[in-house]
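Trainee: Questions regarding the structure given below will be posed in turn.
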Amino acid sequence: MLMKQTINFLALLLLANLSCFAQYTYERNISDVTQSGWYRITLPDDLFPKVKNDFADLRIYASGNETTEIPYLLKISEDQVSRASIAIEPFNISRKGNALYFTVKVNHAEPVNQTTLEFTQQNYDSDVLIEGSNNQQDWFIIHTGRIVSIVNSSVNYTFNHVNFPTSDYIFLRFTIKNGAQLTLTKVNFYQSATRKGVFTEVPATLSSKTLAKQNEFYLTFNQPVLLSKLTIEPNAGQLFYRNVSVEWLYDSIPSEKGIHYQYQSLYAGVISSFQQDTLQFTPQLVGKIRVTIYNQDNPPIHVNKIVGWAPQVDLIANLQPGGYSLKYGNPNSFHPRYDIKHFIKDIPDSLPQLQVSTELKPQHTQATESTAWFKNKVWMWVALGAIVAILGFFTMRMLREK
């Protein structure tokens with residue numbers, strides 16, 4: 001009898017503790033739904049500083065029913081690139097002067113707009129001229145590009161992609177200038193399409209400092225923002241190939257020598273004057289980032305501008321007519337597990353949008369002295385430990401009585 005009463009008490013204690021952890025500090029109203037269907041709810045920028053980095057504490061509830069969650073799909077905008085390989089064999093491979101030439105015949109049912117060129121040689125720097133013709137006599141310029149490959153003890157870089165406009169010409173002729181010494185081994189053609197994501201330029205303050213063999217640039221935002229792209233715009237007329245790293249400030253520790261800032265990596269790669277550099281990485285909530293350009297023995301790069309881009313974040317939900325609210329701000333919550341993630345193909349591409357209100361005044365005030373101890377996560381583990389200990393005690397007691 002005593003064991004049963006004790007376990008019941010500890011179970012109630014544990015449930016009270018867990019219910020405390022389920023509380024959400026912030027709330028916004030969602031515009032009323034007038035008919036059943038799929039809807040898109042775009043999260044406002046001022047919500048991000050108060051939500052968990054992984055969005056695990058976002059919840060949708062129907063008005064008047066705060067016990068049943070409304071399943072949703074979290075969608076962070078990104079560029080979606082589709083690329084289909086097209087088999088085309090080059091012919092009339094020839095050389096004249098310092099140039100290498102070849103021609104391809106295009107199937108109108110499968111137009112191409114991208115190619116990659118592979119050579120036996122590892123080091124080259126050549127301009128590429130692409131011309132179109134319907135009779136192989138009259139040629140018209142379609143595009144000019146550049147391919148570069150640098151392979152040595154300190155650099156391993158190849159940029160052999162050429163993007164060009166889709167055209168209706170039957171034949172395409174490629175001229176590799178300064179390519180007479182190159183041996184063409186393979187040409188790959190693609191039909192590429194990019195569906196642009198929705199991004200917003202984020203206002204920030206740029207500062208920099210020059211250290212031994214490297215430049216550091218700091219981008220400080222007015223408030224924490226979700227960042228997934230970074231554009232580096234160097235001053236015109238510079239020729240460079242440099243390693244670069246992007247890190248975000250996640251902690252600062254005071255010490256006797258001042259504040260020690262701790263950064264975590266967002267991106268590591270290469271920037272060069274061969275192409276416009278937009279660095280893409282996993283979306284991260286940041287307040288400040290550090291961009292380090294490693295110059296080695298070269299003079300520093302003069303950077304005109306660094307731009308951060310925030311992706312649009314949407315919640316996709318299938319809703320019935322009525323009112324709903326969005327709740328967030330619970331550091332102890334875990335990612336919800338909804339079946340909706342298995343039915344993404346059933347969701348229409350174009351969805352009506354619902355608006356969210358400004359943030360409502362937090363309803364949960366500071367707890368009194370008598371209940372403050374429930375907010376400590378340690379008590380949950382103490383309760384669980386006590387249950388295990390009591391069960392073990394009574395089990396041993398019953399075994400001894402036998």
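In the structure tokens, chains take letters A, B, ... by order of appearance, with residues numbered from 1 within each chain and ligands from 1 in the order shown.
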Contacts of segment 46-61 of chain A at 10 Å or less, counting only C-alpha atoms, minus same-chain residues fewer than 6 places along, as a PDB file with N, CA, C and O atoms, in the first residue's frame?
Mentor:
```pdb
ATOM      1  N   ALA A  22       6.547  22.142 -20.975  1.00  0.00           N
ATOM      2  CA  ALA A  22       5.791  22.273 -22.219  1.00  0.00           C
ATOM      3  C   ALA A  22       5.292  23.688 -22.447  1.00  0.00           C
ATOM      4  O   ALA A  22       4.651  23.951 -23.444  1.00  0.00           O
ATOM      5  N   TYR A  24       5.196  27.602 -23.458  1.00  0.00           N
ATOM      6  CA  TYR A  24       5.825  28.423 -24.488  1.00  0.00           C
ATOM      7  C   TYR A  24       5.669  29.891 -24.108  1.00  0.00           C
ATOM      8  O   TYR A  24       4.579  30.344 -23.758  1.00  0.00           O
ATOM      9  N   THR A  25       6.759  30.626 -24.206  1.00  0.00           N
ATOM     10  CA  THR A  25       6.782  32.005 -23.708  1.00  0.00           C
ATOM     11  C   THR A  25       6.066  32.971 -24.638  1.00  0.00           C
ATOM     12  O   THR A  25       5.413  33.905 -24.188  1.00  0.00           O
ATOM     13  N   TYR A  26       6.185  32.744 -25.954  1.00  0.00           N
ATOM     14  CA  TYR A  26       5.686  33.722 -26.916  1.00  0.00           C
ATOM     15  C   TYR A  26       4.555  33.137 -27.762  1.00  0.00           C
ATOM     16  O   TYR A  26       4.482  31.933 -27.993  1.00  0.00           O
ATOM     17  N   GLU A  27       3.721  34.049 -28.241  1.00  0.00           N
ATOM     18  CA  GLU A  27       2.564  33.633 -29.024  1.00  0.00           C
ATOM     19  C   GLU A  27       2.193  34.710 -30.041  1.00  0.00           C
ATOM     20  O   GLU A  27       2.331  35.907 -29.773  1.00  0.00           O
ATOM     21  N   ARG A  28       1.740  34.275 -31.202  1.00  0.00           N
ATOM     22  CA  ARG A  28       1.219  35.164 -32.242  1.00  0.00           C
ATOM     23  C   ARG A  28      -0.051  34.535 -32.812  1.00  0.00           C
ATOM     24  O   ARG A  28      -0.143  33.311 -32.936  1.00  0.00           O
ATOM     25  N   ASN A  29      -0.997  35.383 -33.153  1.00  0.00           N
ATOM     26  CA  ASN A  29      -2.219  34.904 -33.797  1.00  0.00           C
ATOM     27  C   ASN A  29      -1.979  34.740 -35.290  1.00  0.00           C
ATOM     28  O   ASN A  29      -1.234  35.509 -35.911  1.00  0.00           O
ATOM     29  N   ILE A  30      -2.614  33.729 -35.863  1.00  0.00           N
ATOM     30  CA  ILE A  30      -2.571  33.484 -37.304  1.00  0.00           C
ATOM     31  C   ILE A  30      -3.909  33.920 -37.880  1.00  0.00           C
ATOM     32  O   ILE A  30      -4.962  33.686 -37.271  1.00  0.00           O
ATOM     33  N   THR A  67      -4.124  21.542 -26.529  1.00  0.00           N
ATOM     34  CA  THR A  67      -3.582  20.228 -26.200  1.00  0.00           C
ATOM     35  C   THR A  67      -3.216  19.427 -27.442  1.00  0.00           C
ATOM     36  O   THR A  67      -2.371  18.542 -27.380  1.00  0.00           O
ATOM     37  N   THR A  68      -3.846  19.738 -28.576  1.00  0.00           N
ATOM     38  CA  THR A  68      -3.580  19.013 -29.817  1.00  0.00           C
ATOM     39  C   THR A  68      -2.811  19.900 -30.786  1.00  0.00           C
ATOM     40  O   THR A  68      -3.275  20.977 -31.159  1.00  0.00           O
ATOM     41  N   GLU A  69      -1.623  19.450 -31.199  1.00  0.00           N
ATOM     42  CA  GLU A  69      -0.799  20.223 -32.125  1.00  0.00           C
ATOM     43  C   GLU A  69      -1.302  20.058 -33.550  1.00  0.00           C
ATOM     44  O   GLU A  69      -1.819  19.005 -33.928  1.00  0.00           O
ATOM     45  N   ILE A  70      -1.148  21.106 -34.334  1.00  0.00           N
ATOM     46  CA  ILE A  70      -1.456  21.059 -35.766  1.00  0.00           C
ATOM     47  C   ILE A  70      -0.162  20.740 -36.506  1.00  0.00           C
ATOM     48  O   ILE A  70       0.799  21.512 -36.445  1.00  0.00           O
ATOM     49  N   PRO A  71      -0.077  19.592 -37.203  1.00  0.00           N
ATOM     50  CA  PRO A  71       1.161  19.237 -37.909  1.00  0.00           C
ATOM     51  C   PRO A  71       1.525  20.284 -38.967  1.00  0.00           C
ATOM     52  O   PRO A  71       0.660  20.857 -39.627  1.00  0.00           O
ATOM     53  N   TYR A  72       2.822  20.519 -39.131  1.00  0.00           N
ATOM     54  CA  TYR A  72       3.298  21.461 -40.146  1.00  0.00           C
ATOM     55  C   TYR A  72       4.601  20.941 -40.743  1.00  0.00           C
ATOM     56  O   TYR A  72       5.272  20.059 -40.175  1.00  0.00           O
ATOM     57  N   LEU A  74       8.226  22.455 -42.045  1.00  0.00           N
ATOM     58  CA  LEU A  74       9.119  23.618 -42.052  1.00  0.00           C
ATOM     59  C   LEU A  74       9.881  23.653 -43.374  1.00  0.00           C
ATOM     60  O   LEU A  74      10.517  22.671 -43.758  1.00  0.00           O
ATOM     61  N   GLN A 223      20.212  42.569 -35.325  1.00  0.00           N
ATOM     62  CA  GLN A 223      19.619  41.578 -34.442  1.00  0.00           C
ATOM     63  C   GLN A 223      19.957  40.203 -35.020  1.00  0.00           C
ATOM     64  O   GLN A 223      20.358  40.102 -36.174  1.00  0.00           O
ATOM     65  N   PRO A 224      19.842  39.129 -34.225  1.00  0.00           N
ATOM     66  CA  PRO A 224      20.122  37.803 -34.784  1.00  0.00           C
ATOM     67  C   PRO A 224      19.261  37.514 -36.004  1.00  0.00           C
ATOM     68  O   PRO A 224      18.058  37.769 -36.004  1.00  0.00           O
ATOM     69  N   VAL A 225      19.892  37.001 -37.058  1.00  0.00           N
ATOM     70  CA  VAL A 225      19.200  36.719 -38.318  1.00  0.00           C
ATOM     71  C   VAL A 225      19.549  35.308 -38.772  1.00  0.00           C
ATOM     72  O   VAL A 225      20.595  34.754 -38.419  1.00  0.00           O
ATOM     73  N   LEU A 226      18.654  34.720 -39.553  1.00  0.00           N
ATOM     74  CA  LEU A 226      18.915  33.424 -40.160  1.00  0.00           C
ATOM     75  C   LEU A 226      19.669  33.675 -41.459  1.00  0.00           C
ATOM     76  O   LEU A 226      19.166  34.352 -42.356  1.00  0.00           O
ATOM     77  N   PRO A 283      21.669  26.949 -43.229  1.00  0.00           N
ATOM     78  CA  PRO A 283      21.124  28.112 -42.526  1.00  0.00           C
ATOM     79  C   PRO A 283      21.455  28.096 -41.037  1.00  0.00           C
ATOM     80  O   PRO A 283      21.359  27.062 -40.380  1.00  0.00           O
ATOM     81  N   GLN A 284      21.872  29.258 -40.536  1.00  0.00           N
ATOM     82  CA  GLN A 284      22.270  29.378 -39.135  1.00  0.00           C
ATOM     83  C   GLN A 284      21.828  30.725 -38.591  1.00  0.00           C
ATOM     84  O   GLN A 284      21.966  31.754 -39.263  1.00  0.00           O
ATOM     85  N   LEU A 285      21.298  30.721 -37.365  1.00  0.00           N
ATOM     86  CA  LEU A 285      20.925  31.963 -36.708  1.00  0.00           C
ATOM     87  C   LEU A 285      22.188  32.613 -36.150  1.00  0.00           C
ATOM     88  O   LEU A 285      22.876  32.029 -35.319  1.00  0.00           O
ATOM     89  N   VAL A 286      22.504  33.822 -36.615  1.00  0.00           N
ATOM     90  CA  VAL A 286      23.763  34.475 -36.240  1.00  0.00           C
ATOM     91  C   VAL A 286      23.517  35.939 -35.896  1.00  0.00           C
ATOM     92  O   VAL A 286      22.559  36.557 -36.355  1.00  0.00           O
ATOM     93  N   GLY A 287      24.410  36.472 -35.079  1.00  0.00           N
ATOM     94  CA  GLY A 287      24.403  37.898 -34.786  1.00  0.00           C
ATOM     95  C   GLY A 287      25.627  38.585 -35.341  1.00  0.00           C
ATOM     96  O   GLY A 287      25.630  39.795 -35.599  1.00  0.00           O
ATOM     97  N   LEU A 315       6.041  27.856 -42.764  1.00  0.00           N
ATOM     98  CA  LEU A 315       5.402  26.683 -42.206  1.00  0.00           C
ATOM     99  C   LEU A 315       4.250  26.305 -43.135  1.00  0.00           C
ATOM    100  O   LEU A 315       3.414  27.147 -43.465  1.00  0.00           O
ATOM    101  N   ALA A 317       0.972  23.949 -43.678  1.00  0.00           N
ATOM    102  CA  ALA A 317       0.024  23.169 -42.875  1.00  0.00           C
ATOM    103  C   ALA A 317      -1.306  23.012 -43.607  1.00  0.00           C
ATOM    104  O   ALA A 317      -1.702  23.879 -44.391  1.00  0.00           O
ATOM    105  N   GLY A 323      -9.705  29.664 -36.232  1.00  0.00           N
ATOM    106  CA  GLY A 323      -8.576  30.477 -35.811  1.00  0.00           C
ATOM    107  C   GLY A 323      -7.439  29.615 -35.267  1.00  0.00           C
ATOM    108  O   GLY A 323      -7.662  28.531 -34.725  1.00  0.00           O
ATOM    109  N   TYR A 324      -6.207  30.128 -35.412  1.00  0.00           N
ATOM    110  CA  TYR A 324      -5.028  29.387 -34.977  1.00  0.00           C
ATOM    111  C   TYR A 324      -4.032  30.351 -34.352  1.00  0.00           C
ATOM    112  O   TYR A 324      -4.058  31.567 -34.599  1.00  0.00           O
ATOM    113  N   SER A 325      -3.121  29.772 -33.561  1.00  0.00           N
ATOM    114  CA  SER A 325      -2.052  30.570 -32.961  1.00  0.00           C
ATOM    115  C   SER A 325      -0.725  29.851 -33.128  1.00  0.00           C
ATOM    116  O   SER A 325      -0.671  28.616 -33.220  1.00  0.00           O
ATOM    117  N   LEU A 326       0.343  30.634 -33.195  1.00  0.00           N
ATOM    118  CA  LEU A 326       1.708  30.128 -33.306  1.00  0.00           C
ATOM    119  C   LEU A 326       2.413  30.390 -31.989  1.00  0.00           C
ATOM    120  O   LEU A 326       2.467  31.535 -31.528  1.00  0.00           O
ATOM    121  N   LYS A 327       2.973  29.336 -31.387  1.00  0.00           N
ATOM    122  CA  LYS A 327       3.662  29.480 -30.106  1.00  0.00           C
ATOM    123  C   LYS A 327       5.113  29.043 -30.242  1.00  0.00           C
ATOM    124  O   LYS A 327       5.441  28.145 -31.024  1.00  0.00           O
ATOM    125  N   TYR A 328       5.981  29.659 -29.455  1.00  0.00           N
ATOM    126  CA  TYR A 328       7.420  29.364 -29.515  1.00  0.00           C
ATOM    127  C   TYR A 328       8.078  29.935 -28.268  1.00  0.00           C
ATOM    128  O   TYR A 328       7.454  30.615 -27.457  1.00  0.00           O
ATOM    129  N   GLY A 329       9.367  29.634 -28.126  1.00  0.00           N
ATOM    130  CA  GLY A 329      10.101  30.137 -26.975  1.00  0.00           C
ATOM    131  C   GLY A 329      10.127  29.156 -25.831  1.00  0.00           C
ATOM    132  O   GLY A 329       9.778  29.493 -24.700  1.00  0.00           O
ATOM    133  N   ASN A 330      10.541  27.905 -26.110  1.00  0.00           N
ATOM    134  CA  ASN A 330      10.682  26.895 -25.062  1.00  0.00           C
ATOM    135  C   ASN A 330      12.010  26.170 -25.274  1.00  0.00           C
ATOM    136  O   ASN A 330      12.120  25.308 -26.149  1.00  0.00           O
ATOM    137  N   PRO A 331      13.053  26.508 -24.515  1.00  0.00           N
ATOM    138  CA  PRO A 331      14.377  25.913 -24.732  1.00  0.00           C
ATOM    139  C   PRO A 331      14.437  24.423 -24.450  1.00  0.00           C
ATOM    140  O   PRO A 331      15.393  23.759 -24.847  1.00  0.00           O
ATOM    141  N   ASN A 332      13.428  23.866 -23.770  1.00  0.00           N
ATOM    142  CA  ASN A 332      13.447  22.449 -23.417  1.00  0.00           C
ATOM    143  C   ASN A 332      12.668  21.576 -24.388  1.00  0.00           C
ATOM    144  O   ASN A 332      12.572  20.365 -24.197  1.00  0.00           O
ATOM    145  N   SER A 333      12.102  22.150 -25.403  1.00  0.00           N
ATOM    146  CA  SER A 333      11.279  21.370 -26.330  1.00  0.00           C
ATOM    147  C   SER A 333      12.148  20.646 -27.354  1.00  0.00           C
ATOM    148  O   SER A 333      13.265  21.059 -27.657  1.00  0.00           O
ATOM    149  N   PHE A 334      11.586  19.553 -27.888  1.00  0.00           N
ATOM    150  CA  PHE A 334      12.265  18.755 -28.907  1.00  0.00           C
ATOM    151  C   PHE A 334      11.512  18.881 -30.234  1.00  0.00           C
ATOM    152  O   PHE A 334      10.373  19.333 -30.284  1.00  0.00           O
ATOM    153  N   HIS A 335      12.177  18.443 -31.305  1.00  0.00           N
ATOM    154  CA  HIS A 335      11.544  18.486 -32.623  1.00  0.00           C
ATOM    155  C   HIS A 335      10.265  17.646 -32.635  1.00  0.00           C
ATOM    156  O   HIS A 335      10.277  16.489 -32.208  1.00  0.00           O
ATOM    157  N   PRO A 336       9.167  18.204 -33.116  1.00  0.00           N
ATOM    158  CA  PRO A 336       7.950  17.394 -33.249  1.00  0.00           C
ATOM    159  C   PRO A 336       8.112  16.381 -34.373  1.00  0.00           C
ATOM    160  O   PRO A 336       8.880  16.592 -35.318  1.00  0.00           O
ATOM    161  N   THR A 358       1.546  40.617 -34.686  1.00  0.00           N
ATOM    162  CA  THR A 358       2.688  40.974 -33.857  1.00  0.00           C
ATOM    163  C   THR A 358       2.666  40.098 -32.608  1.00  0.00           C
ATOM    164  O   THR A 358       1.660  39.458 -32.287  1.00  0.00           O
ATOM    165  N   GLU A 359       3.764  40.079 -31.936  1.00  0.00           N
ATOM    166  CA  GLU A 359       3.887  39.202 -30.774  1.00  0.00           C
ATOM    167  C   GLU A 359       2.970  39.652 -29.643  1.00  0.00           C
ATOM    168  O   GLU A 359       2.933  40.838 -29.287  1.00  0.00           O
TER     169      GLU A 359
END
```
Trainee: Would you mind writing down, as a PyMOL selection string, each residue of segment 253-386 of chain A that DSSP on the backbone assigns to strand (DSSP E or B)?
Mentor: chain A and resi 253-255+258-272+277-294+303-311+313-319+322-328+353-354+356
Trainee: Which neighbours of Ser252 of chain A fall inside 8 Å, counting only C-alpha atoms, when residues of the same chain fewer than 3 positions from it are skipped, and could you give them as a PyMOL selection string?
Mentor: chain A and resi 249+259-262
Trainee: Could those residues be written to a file, using C-alpha atoms, as an mmCIF file, in the first residue's frame?
Mentor:
```
data_model
loop_
_atom_site.group_PDB
_atom_site.id
_atom_site.type_symbol
_atom_site.label_atom_id
_atom_site.label_comp_id
_atom_site.auth_asym_id
_atom_site.auth_seq_id
_atom_site.Cartn_x
_atom_site.Cartn_y
_atom_site.Cartn_z
ATOM 1 C CA LEU A 249 30.129 34.058 -33.200
ATOM 2 C CA ILE A 259 36.701 39.139 -23.819
ATOM 3 C CA HIS A 260 37.567 35.938 -25.666
ATOM 4 C CA TYR A 261 35.260 35.357 -28.660
ATOM 5 C CA GLN A 262 34.487 31.820 -29.796
#
```
Trainee: Using only C-alpha atoms, can you tell me which of A:Ser208, A:Thr231, A:Asn215, A:Ser149 comes closest to Gln276 of chain A?
Mentor: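 Smallest distance to Gln276 of chain A is found for A:Thr231.
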Trainee: Quick one: of A:Asp32, A:Ala204, A:Phe274, A:Ala236, who's nearest to Ser126 of chain A, counting only C-alpha atoms?
Mentor: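 Checking each of A:Asp32, A:Ala204, A:Phe274, A:Ala236 against Ser126 of chain A, counting only C-alpha atoms, the winner is A:Phe274.
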Trainee: When you draw a straight line from atom CA of Glu118 of chain A to atom CA of Asn160 of chain A, how long is it in Å?
Mentor: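 Between atom CA of Glu118 of chain A and atom CA of Asn160 of chain A the gap works out to 7.3 Å.
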Trainee: Tell me, which residues of segment 143-381 of chain A carry DSSP helix (DSSP H, G or I), written as a list in words?
Mentor: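 Filtering segment 143-381 of chain A to helix (DSSP H, G or I) leaves Asp339, Ile340, Lys341, His342, Phe343, Ile344, Lys345, Asp346, Ala372, Trp373, Phe374, Lys375, Val378, Trp379, Met380 and Trp381 of chain A.
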Trainee: Calculated over only C-alpha atoms, which of the candidates A:Gln214, A:Thr185, A:Gln280, A:Thr34 has the smallest distance to Ala310 of chain A?
Mentor: A:Gln280
Trainee: I need the residue nearest Asn298 of chain A from this list: A:Gln238, A:Gln312, A:Thr395, A:Gln320. Use only C-alpha atoms for the distance.
Mentor: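 Residue with the minimum atom-to-atom distance to Asn298 of chain A: A:Gln238.
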Trainee: Which value, in Å to one decimal, gives the distance between atom CA of Ile88 of chain A and atom CA of Thr103 of chain A?
Mentor: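 That distance, rounded to one decimal, is 10.1 Å.
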Trainee: Considering only C-alpha atoms, return as number ranges by chain whatever protein or nucleic-acid residues lie within 7 Å of segment 40-43 of chain A, sequence-local ones (same chain, fewer than 5 positions apart) excluded.
Mentor: A: 313-317, 351-355
Trainee: Considering only C-alpha atoms, return as a ChimeraX atom specification whatever protein or nucleic-acid residues lie within 9 Å of Tyr157 of chain A, sequence-local ones (same chain, fewer than 3 positions apart) excluded.
Mentor: /A:148-151,241,270
Trainee: Write the residues of the preceding selection, restricted to C-alpha atoms, as a PDB file, in the first residue's frame.
Mentor:
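So the final result, stored in again.pdb, reads:
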```
ATOM      1  CA  VAL A 148      40.895  27.658 -65.480  1.00  0.00           C
ATOM      2  CA  SER A 149      42.810  24.814 -63.870  1.00  0.00           C
ATOM      3  CA  ILE A 150      45.634  25.270 -61.349  1.00  0.00           C
ATOM      4  CA  VAL A 151      47.240  22.181 -59.859  1.00  0.00           C
ATOM      5  CA  TYR A 241      42.713  32.762 -55.939  1.00  0.00           C
ATOM      6  CA  VAL A 270      37.918  29.115 -52.271  1.00  0.00           C
TER       7      VAL A 270
END
```
Trainee: Counting only C-alpha atoms, what is within 7 Å of segment 189-191 of chain A, bar same-chain residues fewer than 2 positions away, as a count of residues only?
Mentor: 14
Trainee: Hey, which bits of segment 88-109 of chain A sit within 12 Å of segment 130-142 of chain A, and for each residue what's the closest pair of atoms and how far apart in Å (one decimal), counting only C-alpha atoms, rows by chain and increasing number, as JSON lines?
Mentor:
```
{"residue": "A:Asn92", "atom": "CA", "partner": "A:Gln136", "partner_atom": "CA", "distance": 11.3}
{"residue": "A:Tyr101", "atom": "CA", "partner": "A:Ile130", "partner_atom": "CA", "distance": 10.1}
{"residue": "A:Phe102", "atom": "CA", "partner": "A:Ile130", "partner_atom": "CA", "distance": 10.1}
{"residue": "A:Thr103", "atom": "CA", "partner": "A:Gln136", "partner_atom": "CA", "distance": 9.3}
{"residue": "A:Val104", "atom": "CA", "partner": "A:Gly132", "partner_atom": "CA", "distance": 9.9}
{"residue": "A:Lys105", "atom": "CA", "partner": "A:Asn134", "partner_atom": "CA", "distance": 9.6}
{"residue": "A:Val106", "atom": "CA", "partner": "A:Gly132", "partner_atom": "CA", "distance": 10.2}
{"residue": "A:His108", "atom": "CA", "partner": "A:Asn134", "partner_atom": "CA", "distance": 11.8}
```
Trainee: Selection from above, N, CA and C atoms, as an mmCIF file, in the first residue's frame, can you write it?
Mentor:
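Saved result, result38.cif, follows:
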```cif
data_model
loop_
_atom_site.group_PDB
_atom_site.id
_atom_site.type_symbol
_atom_site.label_atom_id
_atom_site.label_comp_id
_atom_site.auth_asym_id
_atom_site.auth_seq_id
_atom_site.Cartn_x
_atom_site.Cartn_y
_atom_site.Cartn_z
ATOM 1 N N ASN A 92 34.713 17.257 -85.730
ATOM 2 C CA ASN A 92 35.567 18.294 -86.314
ATOM 3 C C ASN A 92 36.522 18.892 -85.272
ATOM 4 N N TYR A 101 39.472 23.746 -81.646
ATOM 5 C CA TYR A 101 38.085 23.864 -82.094
ATOM 6 C C TYR A 101 37.387 22.510 -82.018
ATOM 7 N N PHE A 102 36.076 22.533 -81.769
ATOM 8 C CA PHE A 102 35.244 21.344 -81.988
ATOM 9 C C PHE A 102 33.798 21.804 -82.164
ATOM 10 N N THR A 103 32.983 20.941 -82.785
ATOM 11 C CA THR A 103 31.589 21.264 -83.102
ATOM 12 C C THR A 103 30.687 20.152 -82.572
ATOM 13 N N VAL A 104 29.450 20.523 -82.219
ATOM 14 C CA VAL A 104 28.449 19.527 -81.812
ATOM 15 C C VAL A 104 27.133 19.835 -82.519
ATOM 16 N N LYS A 105 26.343 18.789 -82.717
ATOM 17 C CA LYS A 105 25.021 18.949 -83.298
ATOM 18 C C LYS A 105 23.989 18.757 -82.190
ATOM 19 N N VAL A 106 23.093 19.733 -82.054
ATOM 20 C CA VAL A 106 22.135 19.753 -80.945
ATOM 21 C C VAL A 106 20.797 19.193 -81.381
ATOM 22 N N HIS A 108 16.976 19.360 -81.041
ATOM 23 C CA HIS A 108 16.045 20.413 -80.606
ATOM 24 C C HIS A 108 15.131 19.940 -79.482
#
```
Trainee: If you measure from atom CA of Gln181 of chain A to atom CA of Leu100 of chain A, what distance in Å do you get, rounded to one decimal?
Mentor: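 Interatomic distance here is 8.1 Å.
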Trainee: Go through A:Ala99, A:Asn222, A:Glu201, A:Ser228 one by one, measure the shortest atom-to-atom distance of each to Asn178 of chain A using only C-alpha atoms, and give the residue with the smallest value.
Mentor: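 Distance minimum relative to Asn178 of chain A lands on A:Ala99.
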Trainee: List as a list in words the protein and nucleic acid residues near Leu239 of chain A, meaning an atom at most 10 Å away when only C-alpha atoms are counted, but skip any in the same chain fewer than 4 places from it.
Mentor: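 Here the qualifying residues turn out to be Ser272, Ser273, Phe274 and Ile301 of chain A.
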Trainee: How would the residues just picked look written out with N, CA and C atoms as a CSV table (one decimal), in the first residue's frame?
Mentor:
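So the final result, stored in again-v5.csv, reads:
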```csv
chain,number,residue,atom,x,y,z
A,272,SER,N,37.7,33.3,-56.0
A,272,SER,CA,38.7,33.7,-57.1
A,272,SER,C,38.1,34.7,-57.9
A,273,SER,N,39.0,35.3,-58.7
A,273,SER,CA,38.5,36.4,-59.7
A,273,SER,C,38.0,35.8,-60.9
A,274,PHE,N,37.9,34.4,-61.0
A,274,PHE,CA,37.4,33.8,-62.2
A,274,PHE,C,35.9,33.8,-62.3
A,301,ILE,N,43.5,41.3,-50.6
A,301,ILE,CA,42.4,41.6,-51.5
A,301,ILE,C,41.6,42.8,-51.0
```
Trainee: Which residue gives the smallest distance to Ser63 of chain A among A:Val155, A:Pro321, A:Ser167, A:Ser350, with only C-alpha atoms counted?
Mentor: A:Pro321
